[in-house]
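The file upload05.cif contains mmCIF, C-alpha atoms:
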```cif
data_model
loop_
_atom_site.group_PDB
_atom_site.id
_atom_site.type_symbol
_atom_site.label_atom_id
_atom_site.label_comp_id
_atom_site.auth_asym_id
_atom_site.auth_seq_id
_atom_site.Cartn_x
_atom_site.Cartn_y
_atom_site.Cartn_z
ATOM 1 C CA MET A 219 0.000 0.000 0.000
ATOM 2 C CA VAL A 220 1.173 3.482 -0.856
ATOM 3 C CA SER A 221 0.130 6.868 0.417
ATOM 4 C CA SER A 222 0.795 10.486 -0.396
ATOM 5 C CA GLN A 223 -0.673 11.519 2.952
ATOM 6 C CA PRO A 224 0.663 10.912 6.445
ATOM 7 C CA ALA A 225 -0.173 7.292 7.096
ATOM 8 C CA PRO A 226 -1.811 5.691 10.085
ATOM 9 C CA GLU A 227 0.975 4.597 12.350
ATOM 10 C CA ASP A 228 1.371 1.310 14.159
ATOM 11 C CA ARG A 229 3.944 1.101 16.912
ATOM 12 C CA HIS A 230 5.864 -2.180 16.780
ATOM 13 C CA ALA A 231 9.099 -3.161 18.530
ATOM 14 C CA GLY A 232 10.430 0.380 18.884
ATOM 15 C CA ALA A 233 9.683 1.316 15.255
ATOM 16 C CA ILE A 234 6.554 3.005 13.918
ATOM 17 C CA ARG A 235 5.004 1.159 10.966
ATOM 18 C CA ARG A 236 3.906 3.409 8.097
ATOM 19 C CA ARG A 237 3.010 3.245 4.434
ATOM 20 C CA PRO A 238 5.651 4.404 1.955
ATOM 21 C CA ARG A 239 4.926 7.552 0.007
ATOM 22 C CA TRP A 240 4.954 7.671 -3.794
ATOM 23 C CA SER A 241 8.043 9.893 -3.728
ATOM 24 C CA GLU A 242 9.892 7.304 -1.613
ATOM 25 C CA LEU A 243 8.908 4.547 -4.037
ATOM 26 C CA GLY A 244 10.229 6.734 -6.876
ATOM 27 C CA TRP A 245 13.683 6.984 -5.257
ATOM 28 C CA ILE A 246 13.668 3.251 -4.512
ATOM 29 C CA ALA A 247 12.835 2.592 -8.201
ATOM 30 C CA VAL A 248 15.714 4.852 -9.344
ATOM 31 C CA LEU A 249 18.195 2.964 -7.132
ATOM 32 C CA ALA A 250 16.800 -0.399 -8.266
ATOM 33 C CA ALA A 251 17.134 0.621 -11.944
ATOM 34 C CA ILE A 252 20.783 1.648 -11.458
ATOM 35 C CA GLY A 253 21.382 -1.625 -9.583
ATOM 36 C CA ILE A 254 19.957 -3.633 -12.510
ATOM 37 C CA VAL A 255 22.339 -1.833 -14.901
ATOM 38 C CA GLN A 256 25.220 -2.833 -12.598
ATOM 39 C CA VAL A 257 24.060 -6.468 -12.740
ATOM 40 C CA ILE A 258 24.097 -6.286 -16.563
ATOM 41 C CA ARG A 259 27.593 -4.714 -16.363
ATOM 42 C CA GLN A 260 28.555 -7.644 -14.093
ATOM 43 C CA GLN A 261 29.758 -5.179 -11.472
ATOM 44 C CA TRP A 262 28.653 -7.263 -8.527
ATOM 45 C CA PHE A 263 29.903 -4.978 -5.753
ATOM 46 C CA ASP A 264 28.182 -1.944 -7.300
ATOM 47 C CA ALA A 265 24.983 -3.987 -7.719
ATOM 48 C CA ALA A 266 25.202 -5.138 -4.088
ATOM 49 C CA VAL A 267 25.560 -1.543 -2.869
ATOM 50 C CA TYR A 268 22.447 -0.464 -4.753
ATOM 51 C CA GLY A 269 20.595 -3.615 -3.667
ATOM 52 C CA LEU A 270 21.456 -2.992 -0.009
ATOM 53 C CA MET A 271 20.301 0.624 -0.292
ATOM 54 C CA VAL A 272 17.002 -0.472 -1.872
ATOM 55 C CA VAL A 273 16.414 -2.862 1.046
ATOM 56 C CA MET A 274 17.375 -0.268 3.681
ATOM 57 C CA ILE A 275 15.287 2.570 2.233
ATOM 58 C CA THR A 276 12.304 0.250 1.680
ATOM 59 C CA ALA A 277 12.535 -0.968 5.280
ATOM 60 C CA ASP A 278 12.788 2.623 6.529
ATOM 61 C CA ALA A 279 9.908 3.801 4.338
ATOM 62 C CA ARG A 280 7.727 1.041 5.803
ATOM 63 C CA GLY A 281 8.728 2.097 9.309
ATOM 64 C CA LEU A 282 10.552 -1.159 10.055
ATOM 65 C CA LEU A 283 13.657 0.701 11.245
ATOM 66 C CA PRO A 284 13.798 3.051 14.235
ATOM 67 C CA ASP A 285 13.334 6.642 13.062
ATOM 68 C CA ARG A 286 16.607 8.502 13.665
ATOM 69 C CA ALA A 287 15.177 11.984 13.269
ATOM 70 C CA ALA A 288 17.762 13.825 15.384
ATOM 71 C CA VAL A 289 20.340 15.602 13.194
ATOM 72 C CA ARG A 290 23.923 15.783 14.378
ATOM 73 C CA SER A 291 25.599 19.133 13.861
ATOM 74 C CA ARG A 292 27.733 19.318 10.739
ATOM 75 C CA PRO A 293 30.073 22.281 11.136
ATOM 76 C CA LEU A 294 31.144 23.551 7.724
ATOM 77 C CA ARG A 295 34.715 24.214 8.815
ATOM 78 C CA GLY A 296 35.202 20.635 10.027
ATOM 79 C CA MET A 297 33.691 19.211 6.853
ATOM 80 C CA LEU A 298 35.906 21.412 4.674
ATOM 81 C CA VAL A 299 39.060 20.392 6.570
ATOM 82 C CA ALA A 300 38.107 16.708 6.198
ATOM 83 C CA ALA A 301 37.302 17.214 2.495
ATOM 84 C CA VAL A 302 40.655 18.915 1.826
ATOM 85 C CA ALA A 303 42.492 16.074 3.621
ATOM 86 C CA CYS A 304 40.542 13.463 1.620
ATOM 87 C CA GLY A 305 41.117 15.430 -1.581
ATOM 88 C CA ALA A 306 44.887 15.526 -0.999
ATOM 89 C CA VAL A 307 44.947 11.733 -0.703
ATOM 90 C CA LEU A 308 42.484 10.901 -3.499
ATOM 91 C CA SER A 309 44.238 13.236 -5.952
ATOM 92 C CA VAL A 310 47.577 11.433 -5.752
ATOM 93 C CA VAL A 311 46.633 7.825 -5.009
ATOM 94 C CA PRO A 312 46.528 5.651 -8.165
ATOM 95 C CA ARG A 313 43.010 5.065 -9.495
ATOM 96 C CA HIS A 314 41.576 1.558 -8.981
ATOM 97 C CA GLY A 315 44.370 0.679 -6.503
ATOM 98 C CA PRO A 316 43.820 -0.849 -3.031
ATOM 99 C CA VAL A 317 44.419 2.450 -1.172
ATOM 100 C CA MET A 318 41.876 4.240 -3.375
ATOM 101 C CA ILE A 319 39.338 1.438 -2.856
ATOM 102 C CA ALA A 320 39.819 1.514 0.935
ATOM 103 C CA ALA A 321 39.582 5.330 1.058
ATOM 104 C CA MET A 322 36.418 5.344 -1.062
ATOM 105 C CA LEU A 323 34.777 2.700 1.136
ATOM 106 C CA VAL A 324 35.528 4.704 4.304
ATOM 107 C CA LEU A 325 34.215 7.856 2.612
ATOM 108 C CA GLY A 326 31.031 6.086 1.515
ATOM 109 C CA VAL A 327 30.220 4.711 4.955
ATOM 110 C CA THR A 328 30.941 8.122 6.533
ATOM 111 C CA ALA A 329 28.737 9.972 4.029
ATOM 112 C CA LEU A 330 25.891 7.488 4.516
ATOM 113 C CA SER A 331 26.104 7.717 8.307
ATOM 114 C CA MET A 332 25.846 11.509 7.982
ATOM 115 C CA ALA A 333 22.962 11.436 5.479
ATOM 116 C CA TRP A 334 20.745 8.894 7.241
ATOM 117 C CA PRO A 335 19.817 10.774 10.460
ATOM 118 C CA GLY A 336 17.325 13.591 10.039
ATOM 119 C CA PRO A 337 13.740 14.010 8.946
ATOM 120 C CA ARG A 338 12.072 11.115 7.130
ATOM 121 C CA GLU A 339 9.076 12.944 5.693
ATOM 122 C CA PRO A 340 9.399 14.996 2.497
ATOM 123 C CA ALA A 341 8.829 18.750 2.521
ATOM 124 C CA SER A 342 5.302 19.896 1.753
ATOM 125 C CA ASN A 343 3.930 23.070 0.164
ATOM 126 C CA TRP A 344 6.719 23.737 -2.302
ATOM 127 C CA PRO A 345 6.721 27.275 -3.757
ATOM 128 C CA ARG A 346 5.608 27.361 -7.407
ATOM 129 C CA GLY A 347 9.036 28.543 -8.623
ATOM 130 C CA LEU A 348 10.719 25.610 -6.910
ATOM 131 C CA VAL A 349 8.285 23.149 -8.502
ATOM 132 C CA ARG A 350 9.120 24.577 -11.942
ATOM 133 C CA LEU A 351 12.854 24.332 -11.194
ATOM 134 C CA ALA A 352 12.439 20.718 -10.011
ATOM 135 C CA ARG A 353 10.613 19.823 -13.246
ATOM 136 C CA ALA A 354 13.323 21.477 -15.371
ATOM 137 C CA TRP A 355 16.081 19.617 -13.506
ATOM 138 C CA ALA A 356 14.194 16.319 -13.726
ATOM 139 C CA LEU A 357 13.748 16.786 -17.492
ATOM 140 C CA CYS A 358 17.449 17.578 -18.118
ATOM 141 C CA VAL A 359 18.777 14.825 -15.832
ATOM 142 C CA ILE A 360 16.373 12.209 -17.234
ATOM 143 C CA ALA A 361 17.314 13.208 -20.813
ATOM 144 C CA GLY A 362 21.007 12.728 -19.992
ATOM 145 C CA CYS A 363 20.318 9.387 -18.289
ATOM 146 C CA VAL A 364 18.238 8.156 -21.246
ATOM 147 C CA TRP A 365 21.091 9.016 -23.628
ATOM 148 C CA GLU A 366 23.598 7.255 -21.339
ATOM 149 C CA LEU A 367 21.318 4.210 -21.146
ATOM 150 C CA GLY A 368 20.927 4.252 -24.944
ATOM 151 C CA GLU A 369 24.712 4.215 -25.393
ATOM 152 C CA PHE A 370 24.995 1.404 -22.845
ATOM 153 C CA VAL A 371 22.346 -0.698 -24.596
ATOM 154 C CA ALA A 372 23.889 0.022 -28.032
ATOM 155 C CA THR A 373 27.266 -1.343 -26.918
ATOM 156 C CA ARG A 374 25.566 -4.472 -25.548
ATOM 157 C CA ILE A 375 23.707 -5.077 -28.811
ATOM 158 C CA ALA A 376 26.750 -4.322 -30.987
ATOM 159 C CA PRO A 377 29.921 -4.963 -28.918
ATOM 160 C CA HIS A 378 32.203 -3.841 -31.792
ATOM 161 C CA LYS A 379 30.587 -0.373 -31.730
ATOM 162 C CA THR A 380 32.668 2.422 -30.164
ATOM 163 C CA ALA A 381 31.184 3.176 -26.737
ATOM 164 C CA ASP A 382 30.194 6.821 -26.221
ATOM 165 C CA SER A 383 28.927 6.762 -22.637
ATOM 166 C CA LEU A 384 29.852 9.531 -20.210
ATOM 167 C CA SER A 385 32.416 7.183 -18.628
ATOM 168 C CA ASP A 386 34.121 6.604 -22.005
ATOM 169 C CA ILE A 387 34.216 10.348 -22.685
ATOM 170 C CA ALA A 388 35.522 11.315 -19.221
ATOM 171 C CA ASN A 389 37.959 8.427 -18.690
ATOM 172 C CA PRO A 390 40.871 9.803 -20.804
ATOM 173 C CA ALA A 391 40.791 13.133 -18.937
ATOM 174 C CA LEU A 392 40.690 11.343 -15.575
ATOM 175 C CA SER A 393 43.756 9.335 -16.535
ATOM 176 C CA THR A 394 45.901 12.462 -16.176
ATOM 177 C CA THR A 395 47.094 13.716 -12.767
ATOM 178 C CA VAL A 396 45.475 17.113 -13.281
ATOM 179 C CA GLY A 397 42.223 15.539 -14.500
ATOM 180 C CA GLN A 398 42.049 13.266 -11.451
ATOM 181 C CA ALA A 399 42.738 16.181 -9.073
ATOM 182 C CA VAL A 400 40.087 18.390 -10.728
ATOM 183 C CA PHE A 401 37.523 15.582 -10.599
ATOM 184 C CA VAL A 402 38.283 14.824 -6.924
ATOM 185 C CA ALA A 403 38.007 18.512 -5.981
ATOM 186 C CA GLY A 404 34.677 18.965 -7.775
ATOM 187 C CA TRP A 405 33.263 15.666 -6.533
ATOM 188 C CA LEU A 406 34.164 16.370 -2.886
ATOM 189 C CA ALA A 407 32.836 19.953 -3.100
ATOM 190 C CA VAL A 408 29.490 18.632 -4.364
ATOM 191 C CA GLY A 409 29.509 16.022 -1.579
ATOM 192 C CA VAL A 410 30.054 18.592 1.183
ATOM 193 C CA TRP A 411 27.347 20.776 -0.347
ATOM 194 C CA LEU A 412 24.897 17.858 -0.587
ATOM 195 C CA LEU A 413 25.530 16.692 2.992
ATOM 196 C CA ARG A 414 24.518 20.127 4.239
ATOM 197 C CA ARG A 415 21.193 20.110 2.359
ATOM 198 C CA GLY A 416 17.791 19.044 3.620
ATOM 199 C CA ARG A 417 18.011 20.353 7.142
ATOM 200 C CA ARG A 418 14.718 21.865 8.228
ATOM 201 C CA ALA A 419 14.993 25.397 9.592
ATOM 202 C CA MET B 133 31.676 10.298 -29.974
ATOM 203 C CA ILE B 134 30.646 13.710 -31.318
ATOM 204 C CA PHE B 135 26.907 12.945 -30.897
ATOM 205 C CA SER B 136 27.364 11.935 -27.261
ATOM 206 C CA ASP B 137 29.501 15.000 -26.526
ATOM 207 C CA LEU B 138 26.761 17.096 -28.085
ATOM 208 C CA ALA B 139 23.923 15.320 -26.245
ATOM 209 C CA PHE B 140 25.535 15.613 -22.812
ATOM 210 C CA GLY B 141 26.552 19.198 -23.618
ATOM 211 C CA VAL B 142 22.981 20.119 -24.535
ATOM 212 C CA CYS B 143 21.637 18.538 -21.326
ATOM 213 C CA GLY B 144 24.198 20.415 -19.224
ATOM 214 C CA LEU B 145 23.577 23.697 -21.011
ATOM 215 C CA ALA B 146 19.798 23.268 -20.716
ATOM 216 C CA LEU B 147 20.232 22.694 -16.974
ATOM 217 C CA VAL B 148 22.262 25.898 -16.566
ATOM 218 C CA VAL B 149 19.978 28.027 -18.769
ATOM 219 C CA ALA B 150 16.754 26.707 -17.155
ATOM 220 C CA THR B 151 18.176 27.307 -13.670
ATOM 221 C CA TRP B 152 19.258 30.852 -14.569
ATOM 222 C CA TRP B 153 15.956 31.667 -16.313
ATOM 223 C CA LEU B 154 13.702 30.331 -13.542
ATOM 224 C CA HIS B 155 15.756 32.125 -10.873
ATOM 225 C CA ARG B 156 15.353 35.342 -12.858
ATOM 226 C CA THR B 157 11.569 34.971 -12.840
ATOM 227 C CA ASP B 158 11.358 33.809 -9.215
ATOM 228 C CA ALA B 159 14.079 34.715 -6.701
ATOM 229 C CA GLU B 160 13.053 31.779 -4.449
ATOM 230 C CA ALA B 161 13.917 29.253 -7.174
ATOM 231 C CA THR B 162 17.544 28.464 -6.374
ATOM 232 C CA VAL B 163 19.423 25.176 -6.665
ATOM 233 C CA THR B 164 20.201 25.300 -2.935
ATOM 234 C CA ALA B 165 16.509 25.749 -2.080
ATOM 235 C CA LEU B 166 15.608 22.940 -4.483
ATOM 236 C CA PHE B 167 17.995 20.450 -2.882
ATOM 237 C CA ASP B 168 17.033 21.632 0.608
ATOM 238 C CA ALA B 169 13.428 20.750 -0.254
ATOM 239 C CA ILE B 170 14.209 17.450 -2.009
ATOM 240 C CA MET B 171 16.619 16.211 0.642
ATOM 241 C CA THR B 172 14.234 16.797 3.516
ATOM 242 C CA SER B 173 13.000 13.290 2.731
ATOM 243 C CA ARG B 174 15.327 10.573 4.027
ATOM 244 C CA ALA B 175 14.725 8.363 0.982
ATOM 245 C CA ALA B 176 15.774 11.184 -1.362
ATOM 246 C CA ARG B 177 18.661 12.254 0.862
ATOM 247 C CA VAL B 178 20.152 8.768 1.086
ATOM 248 C CA ALA B 179 19.504 7.970 -2.602
ATOM 249 C CA ILE B 180 21.216 11.174 -3.779
ATOM 250 C CA ILE B 181 24.210 10.653 -1.467
ATOM 251 C CA VAL B 182 24.549 7.037 -2.643
ATOM 252 C CA MET B 183 24.447 8.148 -6.298
ATOM 253 C CA TRP B 184 26.996 10.910 -5.591
ATOM 254 C CA TRP B 185 29.301 8.438 -3.836
ATOM 255 C CA TRP B 186 28.919 5.867 -6.607
ATOM 256 C CA ILE B 187 30.012 8.421 -9.240
ATOM 257 C CA GLY B 188 33.255 8.853 -7.294
ATOM 258 C CA TRP B 189 33.603 5.104 -6.816
ATOM 259 C CA HIS B 190 32.932 4.430 -10.510
ATOM 260 C CA PHE B 191 35.541 6.879 -11.773
ATOM 261 C CA LEU B 192 38.208 6.441 -9.075
ATOM 262 C CA ALA B 193 37.998 2.942 -7.640
ATOM 263 C CA GLY B 194 35.645 0.658 -9.569
ATOM 264 C CA GLN B 195 35.620 -0.386 -13.207
ATOM 265 C CA THR B 196 35.141 2.879 -15.114
ATOM 266 C CA VAL B 197 35.009 1.561 -18.671
ATOM 267 C CA ASP B 198 33.429 -1.731 -19.723
ATOM 268 C CA VAL B 199 35.670 -3.656 -22.098
#
```

Rewrite the structure from the file as structure tokens, please.
Amino acid sequence: MVSSQPAPEDRHAGAIRRRPRWSELGWIAVLAAIGIVQVIRQQWFDAAVYGLMVVMITADARGLLPDRAAVRSRPLRGMLVAAVACGAVLSVVPRHGPVMIAAMLVLGVTALSMAWPGPREPASNWPRGLVRLARAWALCVIAGCVWELGEFVATRIAPHKTADSLSDIANPALSTTVGQAVFVAGWLAVGVWLLRRGRRA
Amino acid sequence: MIFSDLAFGVCGLALVVATWWLHRTDAEATVTALFDAIMTSRAARVAIIVMWWWIGWHFLAGQTVDV
């Protein structure tokens, strides 16, 4: 059962049962779709990450997990210092090496542990301008994803075809030291920015 | 390759132009306000962070290009 309204709640073993909202199901579907692509790519770890996230978010949306609504403080200065330290390491460590893999795993667990606590319910009463902006972003991002998916499918149908996915385009630039450093800096800056979003005033 | 460059370029440009245009017509419509609203929901917040992390993983640690 799905609801767009606050659902009747049923307390059970410390958690409060609820019905998932349509928006939550949408995010679960997005993660599941990316996970399926990883299965087709035979990237089992990537697929497992997305699969685990689908299970966790579904369980949370159904109220099977305790609601950790309290937000820990995230001082910008501390996050920036940590990001600069991470950036210094990730910029010089060889791509795909064991140190890079270990650093990325630690970063992922840290980011997830920071993102999980906080409000569960989506914001209501969006201003009209924000709704228009959300639609424009959704349209552009979906268009890019459809093109990427098209390129992915094309290379599966015709393996001899030159792949033109975003990864194929960006990979040569990332193979250079400067390219890797620029990517790491931009990626970490977006991460810090994202981790500070969604906090209710 | 040229078609993909063009397609991703158009999507990126459309994103920038639409954001600039909508902010011009409504001062409340900012990217920060948009993500503040989206990421109020835990499902959205976690999904977006996972996708952000995976982009880094994909390009830095995992298999970037399928051979």

Practice task
Pull the neighbourhood of (12.6, 31.4, -6.4) for me: all residues within 10 Å in file coordinates, counting only C-alpha atoms, as a VMD selection string.
Solution key: (chain A and resid 345 to 351) or (chain B and resid 154 to 163 165 to 166)

Handout entry: Chain and number of each residue from the PyMOL selection byres ((chain A and resi 288) around 12), as a PyMOL selection string
Key = chain A and resi 284-287+289-291+332-338+417-418

Exercise for the section: Return the neighbours of chain A among the residues of chain B, cut-off 7 Å, counting all atoms listed in the file, as a ChimeraX atom specification. Expected result: /B:133,136,140,143,146-147,150-151,154,158,160-161,166-179,181,184-185,188-189,192-194,196-197

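Atom pair atom CA of Arg280 of chain A / atom CA of Val255 of chain A has a distance of 25.5 Å (rounded to one decimal).
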
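Reported to one decimal place, the separation of atom CA of Ala391 of chain A from atom CA of Leu367 of chain A is 21.5 Å.
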
Handout entry: For atom CA of Leu270 of chain A and atom CA of Ile234 of chain A, the interatomic separation in Å (one decimal)
Key = 21.3 Å

Generate the coordinates of N, CA and C atoms for segment 140-154 of chain B; report them as a JSON list (two decimals), in the frame of the given file.
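File produced: result_29.json:
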```json
[["chain", "number", "residue", "atom", "x", "y", "z"],
["B", 140, "PHE", "N", 25.27, 15.28, -24.22],
["B", 140, "PHE", "CA", 25.54, 15.61, -22.81],
["B", 140, "PHE", "C", 25.75, 17.12, -22.65],
["B", 141, "GLY", "N", 26.36, 17.75, -23.64],
["B", 141, "GLY", "CA", 26.55, 19.20, -23.62],
["B", 141, "GLY", "C", 25.23, 19.95, -23.62],
["B", 142, "VAL", "N", 24.31, 19.47, -24.46],
["B", 142, "VAL", "CA", 22.98, 20.12, -24.54],
["B", 142, "VAL", "C", 22.24, 19.96, -23.20],
["B", 143, "CYS", "N", 22.31, 18.77, -22.62],
["B", 143, "CYS", "CA", 21.64, 18.54, -21.33],
["B", 143, "CYS", "C", 22.22, 19.46, -20.25],
["B", 144, "GLY", "N", 23.55, 19.55, -20.21],
["B", 144, "GLY", "CA", 24.20, 20.42, -19.22],
["B", 144, "GLY", "C", 23.86, 21.88, -19.43],
["B", 145, "LEU", "N", 23.89, 22.29, -20.69],
["B", 145, "LEU", "CA", 23.58, 23.70, -21.01],
["B", 145, "LEU", "C", 22.12, 24.02, -20.67],
["B", 146, "ALA", "N", 21.23, 23.07, -21.01],
["B", 146, "ALA", "CA", 19.80, 23.27, -20.72],
["B", 146, "ALA", "C", 19.58, 23.42, -19.21],
["B", 147, "LEU", "N", 20.33, 22.63, -18.44],
["B", 147, "LEU", "CA", 20.23, 22.69, -16.97],
["B", 147, "LEU", "C", 20.64, 24.09, -16.47],
["B", 148, "VAL", "N", 21.75, 24.59, -16.99],
["B", 148, "VAL", "CA", 22.26, 25.90, -16.57],
["B", 148, "VAL", "C", 21.30, 27.01, -16.99],
["B", 149, "VAL", "N", 20.86, 26.97, -18.25],
["B", 149, "VAL", "CA", 19.98, 28.03, -18.77],
["B", 149, "VAL", "C", 18.63, 28.01, -18.03],
["B", 150, "ALA", "N", 18.06, 26.81, -17.85],
["B", 150, "ALA", "CA", 16.75, 26.71, -17.16],
["B", 150, "ALA", "C", 16.87, 27.22, -15.72],
["B", 151, "THR", "N", 17.97, 26.86, -15.06],
["B", 151, "THR", "CA", 18.18, 27.31, -13.67],
["B", 151, "THR", "C", 18.28, 28.83, -13.62],
["B", 152, "TRP", "N", 19.07, 29.39, -14.53],
["B", 152, "TRP", "CA", 19.26, 30.85, -14.57],
["B", 152, "TRP", "C", 17.93, 31.55, -14.89],
["B", 153, "TRP", "N", 17.20, 31.04, -15.87],
["B", 153, "TRP", "CA", 15.96, 31.67, -16.31],
["B", 153, "TRP", "C", 14.89, 31.62, -15.21],
["B", 154, "LEU", "N", 14.74, 30.46, -14.58],
["B", 154, "LEU", "CA", 13.70, 30.33, -13.54],
["B", 154, "LEU", "C", 14.05, 31.14, -12.30]]
```
